[in-house]
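Asker: Mind having a look at this structure? Questions to follow.
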Amino acid sequence: MTIRFILLVNKQGQTRLAQYYEQLPREERRALEGEIVRKCLSRSDNQCSFVEHRNYKVVYRRYASLFFLVGVDGDENELATLEFIHCIVETLDRYYGNVCELDLMFHIEKAHFILDEMVMNGCIVETNKENILKPMQLLDSMTG
């Protein structure tokens with residue numbers, strides 16, 4: 001699976017976490033985020049969670065007040081991407097204890113670290129929650 005970007009966005013459309021796995025200029029990232037967020041947030045609950053935008057397939061899912069958006073290549077499996085989104089949410093929930101927008105705002109570096117444990121250069125390298133969280137728990141035990 002080739003992931004191009006992962007975005008976590010609140011209901012108002014504010015990006016809370018953005019992780020890109022391809023080089024894009026900052027202005028293009030900003031424009032891309034705005035277009036995709038508007039497109040996904042304007043869809044109703046009874047529409048599917050897959051959107052084609054530019055040369056990406058965007059798969060998204062809403063959990064509480066956060067939208068998890070993952071941009072992949074056009075030939076990727078949408079259901080596998082939805083399953084990966086669910087894995088991200090479960091891992092963040094396990095670490096933060098029911099993840100919310102404030103957790104991401106105040107501990108964004110930890111969320112990035114967790115994503116870095118799961119994805120490398122756009123490829124999923126780990127989905128086992130225990131293996132993903134071991135380095136985080138080790139760091140937490142050292143700091144405090």
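Starting from 1 in every chain, residues are counted up; chains themselves are A, B, ... following the order of the structure tokens, and ligands are numbered from 1 as listed.
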Tell me which protein, DNA and RNA residues are within 12 Å of range 87-92 of chain A, counting only C-alpha atoms, leaving out same-chain ones fewer than 5 positions away, and put them as a PyMOL selection string.
Answerer: chain A and resi 6-8+61-64+66-70+80-82+97-101+103-104+107-108+110-119+124+126-134+136
Asker: If you run DSSP on the backbone, which residues of chain A are alpha helix (DSSP H), as a PyMOL selection string?
Answerer: chain A and resi 26-41+78-96+101-106+108-118+129-143
Asker: So the first atom is CA of Arg16 in chain A and the second is CA of Arg4 in chain A; what is the distance between them in Å, to one decimal place?
Answerer: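 These two atoms are separated by 17.2 Å.
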Asker: Enter the distance from CA of Leu79 in chain A to CA of Tyr95 in chain A, in Å, rounded to one decimal.
Answerer: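 CA of Leu79 in chain A sits 24.5 Å away from CA of Tyr95 in chain A.
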